[in-house]
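Enquirer: You'll find coords.cif just under this line, and it carries mmCIF, C-alpha atoms.
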data_query
loop_
_atom_site.label_atom_id
_atom_site.label_comp_id
_atom_site.auth_asym_id
_atom_site.auth_seq_id
_atom_site.Cartn_x
_atom_site.Cartn_y
_atom_site.Cartn_z
CA MET A 21 -1.84 3.17 27.05
CA LYS A 22 0.21 3.44 23.89
CA ASN A 23 -2.07 0.99 22.08
CA SER A 24 -5.16 2.94 23.20
CA THR A 25 -3.67 6.17 21.89
CA THR A 26 -2.87 4.49 18.55
CA ILE A 27 -6.42 3.20 18.25
CA ILE A 28 -7.89 6.63 19.02
CA LEU A 29 -5.63 8.34 16.45
CA THR A 30 -6.48 5.70 13.85
CA CYS A 31 -10.21 6.21 14.42
CA LEU A 32 -9.81 9.97 14.17
CA GLY A 33 -7.91 9.55 10.92
CA LEU A 34 -10.64 7.34 9.48
CA LEU A 35 -13.30 9.82 10.60
CA LEU A 36 -11.47 12.71 8.94
CA THR A 37 -11.08 10.68 5.76
CA CYS A 38 -14.81 9.99 5.68
CA LEU A 39 -15.60 13.65 6.26
CA ILE A 40 -13.23 14.68 3.47
CA ASP A 41 -14.71 12.14 1.05
CA ASP A 42 -18.20 13.56 1.74
CA ALA A 43 -17.01 17.14 1.28
CA THR A 44 -17.77 19.33 -1.68
CA ALA A 45 -15.23 19.54 -4.49
CA VAL A 46 -13.95 23.08 -5.04
CA ILE A 47 -11.51 24.91 -7.28
CA VAL A 48 -9.50 27.82 -5.84
CA VAL A 49 -8.06 30.20 -8.44
CA ILE A 50 -5.01 32.22 -7.33
CA ASP A 51 -2.00 34.04 -8.81
CA ASN A 52 -4.18 36.32 -10.97
CA GLY A 53 -5.92 33.33 -12.51
CA ARG A 54 -2.71 31.50 -13.41
CA THR A 55 -3.01 28.70 -10.82
CA GLU A 56 -5.90 26.40 -9.96
CA VAL A 57 -5.94 24.45 -6.70
CA ARG A 58 -8.39 21.55 -6.89
CA GLY A 59 -9.58 19.64 -3.88
CA TYR A 60 -12.28 19.22 -1.26
CA GLU A 61 -13.65 21.84 1.10
CA VAL A 62 -12.88 21.03 4.74
CA SER A 63 -14.29 24.17 6.34
CA ARG A 64 -15.31 27.68 5.37
CA SER A 65 -15.85 30.82 7.47
CA LYS A 66 -16.39 34.42 6.39
CA SER A 67 -12.63 34.92 6.10
CA ILE A 68 -10.90 31.52 5.73
CA LEU A 69 -11.38 28.56 3.42
CA VAL A 70 -9.63 25.29 4.29
CA VAL A 71 -9.14 22.86 1.41
CA ASP A 72 -7.61 19.42 1.07
CA GLN A 73 -5.76 19.79 -2.22
CA VAL A 74 -5.69 16.62 -4.34
CA ASN A 75 -2.28 16.22 -5.99
CA THR A 76 -1.63 14.40 -9.26
CA ASP A 77 -0.24 11.37 -7.40
CA GLY A 78 -3.45 11.04 -5.38
CA SER A 79 -1.98 12.45 -2.16
CA ARG A 80 -3.68 15.30 -0.28
CA GLU A 81 -2.27 18.51 1.14
CA ARG A 82 -4.24 20.77 3.48
CA ARG A 83 -4.17 24.45 2.51
CA SER A 84 -5.86 27.60 3.81
CA PHE A 85 -6.95 30.59 1.74
CA SER A 86 -8.03 34.06 2.80
CA LEU A 87 -11.47 34.83 1.41
CA THR A 88 -10.79 38.53 1.95
CA ASP A 89 -7.92 38.41 -0.54
CA PRO A 90 -9.18 39.73 -3.92
CA ASP A 91 -6.69 37.41 -5.66
CA VAL A 92 -8.53 34.33 -4.31
CA GLN A 93 -11.52 33.11 -6.29
CA VAL A 94 -13.48 30.05 -5.19
CA LEU A 95 -15.45 28.00 -7.69
CA ASP A 96 -17.64 25.15 -6.50
CA ALA A 97 -16.90 22.26 -8.86
CA ILE A 98 -20.56 21.27 -8.59
CA ASN A 99 -23.34 23.84 -8.36
CA ILE A 100 -26.16 22.20 -6.38
CA ALA A 101 -28.69 24.65 -7.83
CA ASP A 102 -27.90 23.34 -11.33
CA LEU A 103 -28.68 19.79 -10.20
CA GLU A 104 -31.92 20.76 -8.47
CA GLN A 105 -33.19 22.48 -11.62
CA LEU A 106 -32.84 19.34 -13.75
CA ASP A 107 -36.18 17.88 -14.82
CA PRO A 108 -36.81 14.49 -16.51
CA SER A 109 -39.12 16.25 -18.98
CA ASN A 110 -36.00 17.94 -20.40
CA PRO A 111 -33.40 15.18 -20.98
CA ARG A 112 -31.21 17.50 -23.04
CA ALA A 113 -30.46 19.58 -19.92
CA TYR A 114 -28.70 16.60 -18.32
CA LEU A 115 -26.46 16.17 -21.35
CA ASP A 116 -25.71 19.89 -21.55
CA LEU A 117 -24.73 20.06 -17.87
CA ALA A 118 -22.51 16.99 -18.21
CA SER A 119 -20.80 18.60 -21.20
CA ARG A 120 -20.11 21.78 -19.21
CA LEU A 121 -18.71 19.84 -16.26
CA GLU A 122 -16.57 17.60 -18.45
CA ALA A 123 -13.53 19.89 -18.24
CA LYS A 124 -13.47 19.39 -14.46
CA VAL A 125 -13.36 15.57 -14.39
CA ILE A 126 -9.96 15.75 -12.69
CA ASP A 127 -12.10 15.88 -9.51
CA PRO A 128 -13.38 12.34 -8.78
CA GLU A 129 -16.69 13.67 -7.45
CA VAL A 130 -17.27 15.61 -10.66
CA HIS A 131 -16.24 12.63 -12.80
CA ASP A 132 -18.87 10.50 -11.05
CA LEU A 133 -21.49 13.16 -11.69
CA VAL A 134 -20.56 13.55 -15.38
CA VAL A 135 -20.92 9.81 -15.91
CA ARG A 136 -24.27 9.78 -14.10
CA LEU A 137 -25.65 12.74 -16.07
CA PHE A 138 -24.71 11.27 -19.46
CA LEU A 139 -26.32 7.97 -18.45
CA ILE A 140 -29.52 9.71 -17.34
CA ALA A 141 -29.70 11.66 -20.61
CA ALA A 142 -29.31 8.43 -22.59
CA TYR A 143 -31.92 6.69 -20.42
CA LEU A 144 -34.53 9.47 -20.61
CA ASP A 145 -34.24 9.98 -24.38
CA THR A 146 -32.84 6.77 -25.83
CA GLU A 147 -33.85 7.62 -29.39
CA ASN A 148 -32.19 11.06 -29.58
CA LEU A 149 -29.51 11.25 -26.89
CA SER A 150 -28.14 7.75 -26.24
CA VAL A 151 -25.61 7.76 -29.09
CA GLN A 152 -24.44 11.29 -28.34
CA SER A 153 -24.08 10.50 -24.62
CA PHE A 154 -22.08 7.33 -25.18
CA ARG A 155 -19.82 9.03 -27.72
CA TYR A 156 -18.75 11.19 -24.77
CA LEU A 157 -18.59 8.28 -22.33
CA ALA A 158 -16.58 6.07 -24.67
CA PHE A 159 -13.41 7.92 -23.64
CA ARG A 160 -14.45 9.08 -20.20
CA GLY A 161 -14.81 5.94 -18.15
CA ARG A 162 -13.46 6.02 -14.60
CA THR A 163 -11.66 2.72 -15.14
CA VAL A 164 -10.45 0.79 -18.17
CA ASP A 165 -13.20 -1.81 -17.68
CA GLU A 166 -15.88 0.85 -17.50
CA THR A 167 -14.54 2.51 -20.65
CA ASN A 168 -14.75 -0.84 -22.42
CA ARG A 169 -18.37 -1.27 -21.30
CA PHE A 170 -19.26 2.17 -22.61
CA LYS A 171 -17.60 1.41 -25.96
CA ALA A 172 -19.46 -1.90 -26.19
CA ILE A 173 -22.77 -0.11 -25.67
CA LEU A 174 -21.83 2.55 -28.22
CA ARG A 175 -20.97 -0.10 -30.82
CA SER A 176 -24.36 -1.70 -30.31
CA ILE A 177 -26.37 1.51 -30.75
CA ASP A 178 -24.30 3.65 -33.15
CA LYS A 179 -24.81 2.60 -36.76
CA SER A 180 -23.28 5.73 -38.29
CA GLY A 181 -19.86 4.24 -39.04
CA ASN A 182 -18.18 6.54 -36.51
CA PRO A 183 -14.43 5.69 -36.32
CA VAL A 184 -14.74 4.98 -32.60
CA THR A 185 -17.39 2.33 -33.17
CA ALA A 186 -16.53 0.95 -36.61
CA GLN A 187 -16.04 -2.80 -36.46
CA ASN A 188 -12.88 -2.67 -38.61
CA ASN A 189 -11.26 -0.31 -36.14
CA SER A 190 -9.53 -1.79 -33.10
CA LYS A 191 -9.49 -0.37 -29.62
CA ARG A 192 -5.81 0.59 -30.03
CA THR A 193 -6.51 2.45 -33.26
CA ALA A 194 -9.20 4.50 -31.56
CA GLN A 195 -6.87 5.18 -28.62
CA PHE A 196 -4.06 6.40 -30.90
CA LEU A 197 -6.43 8.73 -32.74
CA PHE A 198 -8.05 10.02 -29.54
CA VAL A 199 -4.72 10.82 -27.84
CA ALA A 200 -3.41 12.42 -31.06
CA ASP A 201 -6.48 14.68 -31.09
CA GLN A 202 -5.80 15.68 -27.49
CA ILE A 203 -2.17 16.53 -28.35
CA ALA A 204 -3.46 18.70 -31.21
CA GLN A 205 -5.76 20.50 -28.75
CA ILE A 206 -2.85 21.12 -26.39
CA ARG A 207 -0.66 22.49 -29.20
CA ILE A 208 -3.20 25.18 -30.07
CA GLY A 209 -3.86 26.08 -26.43
CA ARG A 210 -7.25 24.46 -26.01
CA PRO A 211 -8.38 22.24 -23.10
CA ALA A 212 -7.64 18.54 -23.51
CA ASN A 213 -9.38 15.54 -22.00
CA LEU A 214 -6.60 13.45 -20.48
CA ASN A 215 -8.57 11.14 -18.22
CA PRO A 216 -6.77 8.31 -16.33
CA ALA A 217 -7.16 5.83 -19.19
CA ALA A 218 -5.82 8.36 -21.71
CA MET A 219 -2.90 9.25 -19.40
CA GLU A 220 -1.94 5.60 -19.07
CA PHE A 221 -1.99 5.14 -22.84
CA LEU A 222 -0.14 8.44 -23.31
CA ALA A 223 2.68 7.41 -20.98
CA ALA A 224 3.17 4.10 -22.80
CA SER A 225 3.10 5.84 -26.19
CA ILE A 226 5.77 8.35 -25.16
CA LYS A 227 8.02 5.49 -24.09
CA ASN A 228 7.54 3.62 -27.38
CA SER A 229 7.70 6.61 -29.72
CA GLY A 230 11.36 7.51 -29.21
CA VAL A 231 10.41 11.21 -29.40
CA ARG A 232 12.35 13.34 -26.91
CA ILE A 233 9.39 14.46 -24.85
CA SER A 234 8.21 13.59 -21.35
CA LEU A 235 4.81 13.17 -19.78
CA SER A 236 5.45 16.21 -17.59
CA ASP A 237 6.26 18.29 -20.70
CA ILE A 238 2.76 17.55 -21.98
CA THR A 239 0.83 17.88 -18.71
CA GLU A 240 2.56 21.21 -18.03
CA ARG A 241 1.09 22.53 -21.27
CA THR A 242 -2.43 21.65 -20.05
CA LYS A 243 -2.19 23.92 -17.00
CA PRO A 244 -3.88 27.35 -17.25
CA GLY A 245 -1.81 30.44 -17.98
CA VAL A 246 0.49 31.63 -20.76
CA LYS A 247 3.72 29.64 -21.01
CA GLN A 248 6.92 30.19 -22.95
CA VAL A 249 7.43 27.13 -25.15
CA SER A 250 10.80 26.44 -26.71
CA PHE A 251 11.12 25.66 -30.40
CA GLU A 252 12.51 22.21 -29.52
CA SER A 253 9.48 21.41 -27.33
CA GLU A 254 7.05 22.50 -30.03
CA VAL A 255 8.83 20.36 -32.64
CA ALA A 256 8.79 17.38 -30.27
CA LEU A 257 5.05 17.76 -29.66
CA VAL A 258 4.35 17.93 -33.40
CA ALA A 259 6.55 14.88 -33.99
CA PHE A 260 4.79 12.95 -31.25
CA GLU A 261 1.35 13.77 -32.65
CA GLY A 262 2.55 12.61 -36.06
CA TRP A 263 3.84 9.35 -34.56
CA LEU A 264 0.49 8.68 -32.89
CA ARG A 265 -1.41 9.16 -36.15
CA GLN A 266 1.10 6.99 -37.99
CA GLN A 267 0.52 4.17 -35.50
CA ALA A 268 -3.25 4.46 -36.01
CA THR A 269 -2.81 4.29 -39.79
CA SER A 270 -0.51 1.27 -39.53
CA GLU A 271 -3.03 -0.47 -37.28
CA GLU A 272 -5.85 0.19 -39.75
CA LYS A 273 -3.83 -1.30 -42.62
CA ILE A 274 -3.30 -4.48 -40.62
CA LEU A 275 -7.00 -4.70 -39.80
CA THR A 276 -8.12 -4.34 -43.42
CA LYS A 277 -6.25 -7.47 -44.51
CA LYS A 278 -8.43 -10.49 -45.27
CA SER A 279 -9.03 -12.70 -42.26
CA ASP A 280 -7.46 -16.14 -42.23
CA TRP A 281 -10.52 -18.02 -41.06
CA ALA A 282 -8.67 -21.34 -40.85
CA THR A 283 -6.17 -19.84 -38.44
CA LEU A 284 -8.89 -18.09 -36.49
CA LEU A 285 -10.88 -21.28 -36.04
CA SER A 286 -7.83 -23.39 -35.17
CA THR A 287 -6.78 -20.99 -32.42
CA ARG A 288 -10.36 -20.77 -31.08
CA ASN A 289 -9.75 -17.04 -30.66
CA ILE A 290 -13.47 -16.27 -30.78
CA PHE A 291 -15.37 -14.74 -27.90
CA PRO A 292 -19.06 -13.78 -27.77
CA ALA A 293 -19.64 -10.06 -27.33
CA ARG A 294 -21.19 -9.38 -23.94
CA SER A 295 -24.25 -7.17 -24.07
CA TYR A 296 -24.55 -4.26 -21.67
CA THR A 297 -27.48 -2.02 -20.88
CA ILE A 298 -27.67 1.62 -19.86
CA GLU A 299 -29.16 0.54 -16.52
CA GLY A 300 -26.41 -1.98 -15.83
CA ALA A 301 -23.41 -0.08 -17.16
CA THR A 302 -22.44 1.45 -13.79
CA GLU A 303 -23.47 1.51 -10.14
CA PHE A 304 -25.77 4.46 -10.96
CA ASN A 305 -29.44 3.80 -11.59
CA PRO A 306 -30.46 6.31 -14.30
CA ALA A 307 -34.11 5.95 -13.25
CA HIS A 308 -33.09 7.99 -10.18
CA CYS A 309 -32.99 11.20 -12.18
CA VAL A 310 -34.29 13.87 -9.79
CA TYR A 311 -31.86 15.55 -7.38
CA SER A 312 -33.59 16.37 -4.10
CA ASN A 313 -32.18 17.01 -0.61
CA GLY A 314 -28.76 15.81 -1.61
CA GLN A 315 -30.01 12.54 -3.11
CA TRP A 316 -30.85 11.20 -6.57
CA VAL A 317 -34.39 9.80 -6.44
CA VAL A 318 -37.09 8.45 -8.74
CA PRO A 319 -39.49 11.17 -10.00
CA ALA A 320 -42.70 11.49 -8.06
CA LYS A 321 -45.71 10.18 -9.96
#
Output the structure of this file as structure tokens.
Expert:
Amino acid sequence: MKNSTTIILTCLGLLLTCLIDDATAVIVVIDNGRTEVRGYEVSRSKSILVVDQVNTDGSRERRSFSLTDPDVQVLDAINIADLEQLDPSNPRAYLDLASRLEAKVIDPEVHDLVVRLFLIAAYLDTENLSVQSFRYLAFRGRTVDETNRFKAILRSIDKSGNPVTAQNNSKRTAQFLFVADQIAQIRIGRPANLNPAAMEFLAASIKNSGVRISLSDITERTKPGVKQVSFESEVALVAFEGWLRQQATSEEKILTKKSDWATLLSTRNIFPARSYTIEGATEFNPAHCVYSNGQWVVPAK
């Protein structure tokens, strides 16, 4: 009997998990706009909204909000109407929507959509939008491997000498500069793009820098609302940004030295660059570029 009960509870738990994963991502704004609760809608009536809040450690917490409370504002992370209005004859609209949604990539569902939209834009207008799309994607991959694929594609199509794609600029140099730019954004009160890959690099940089600042000190500054910042914290943030840029400069100096071809050949440290395509970069097929009845499909001929 006990085993049967355990099995039933396990099945119910799996069912609830599946339902949650298929739910719509929402943002609930409370405390006069000072706090944002991000998660997935579980149920909604005329008076009550139930949300599974997604915490920074990946755990979930179920919360209920009164829709009759004027202090509660509900924002759907993804507006279905926006997706249904997209048309392959206007590739720029896909890129523009992805750019608007980019600030919400903390929601996994939105992050997936942003990646898909940039890929579709690049696919539909390779000549005009592929470079611009992959300049966004180069730091917005959902995993480290995916980010590397995006950067490889960008290097193959961007001939402008952009620092992110320049051949004399290593991956670490680009990472130092990117994170330093995000710190600068945070210092002046603007939104920053600290995706998982950037957060991982940020945490390691804090540890190596010796600057008296913590990861929580920085992430706290990214939350909405006016905050009192101590002089010591501001100095530490400026010092940390300076350290990041110094590391990038040091890395560039090392890279500009002449290569020792004899050493390179003797160590056999040469690997062919793998080529990637827009169609094969992710699990998304950019040819499925029309959103209809909850699905991405190929345009009707």
Enquirer: Give as a PyMOL selection string the residues that the PyMOL selection byres ((chain A and resi 200) around 8) matches when applied to the coordinates above.
Expert: chain A and resi 196-199+201-204+261-262+264-265
Enquirer: Env of A:Ser86: 9 Å cut, atoms = only C-alpha atoms, seq-sep filter 4 positions within chain, self excluded. Answer as a ChimeraX atom specification.
Expert: /A:67-69,90,92
Enquirer: Which residue gives the smallest distance to A:Val151 among A:Ile208, A:Glu122, A:Arg136, A:Ile298, with only C-alpha atoms counted?
Expert: A:Ile298
Enquirer: Neighbours of A:Asn215 within 10 Å (only C-alpha atoms; same-chain residues fewer than 4 positions away dropped), as a list in words?
Expert: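 The neighbour list is Val125, Ile126, His131, Phe159, Arg160, Gly161, Arg162, Thr163, Met219 and Glu220 of chain A.
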Enquirer: Convert the output of the PyMOL selection byres ((chain A and resi 64) around 12) on the shown file into explicit residues, formatted as number ranges by chain.
Expert: A: 43-44, 46, 60-63, 65-71, 83-87, 94
Enquirer: Which residue, A:Ala301, A:Ala224, A:Val258, A:Ile233, has the smallest gap to A:Leu174 when you use all atoms listed in the file?
Expert: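 When distances to A:Leu174 are compared using all atoms listed in the file, the smallest one comes from A:Ala301.
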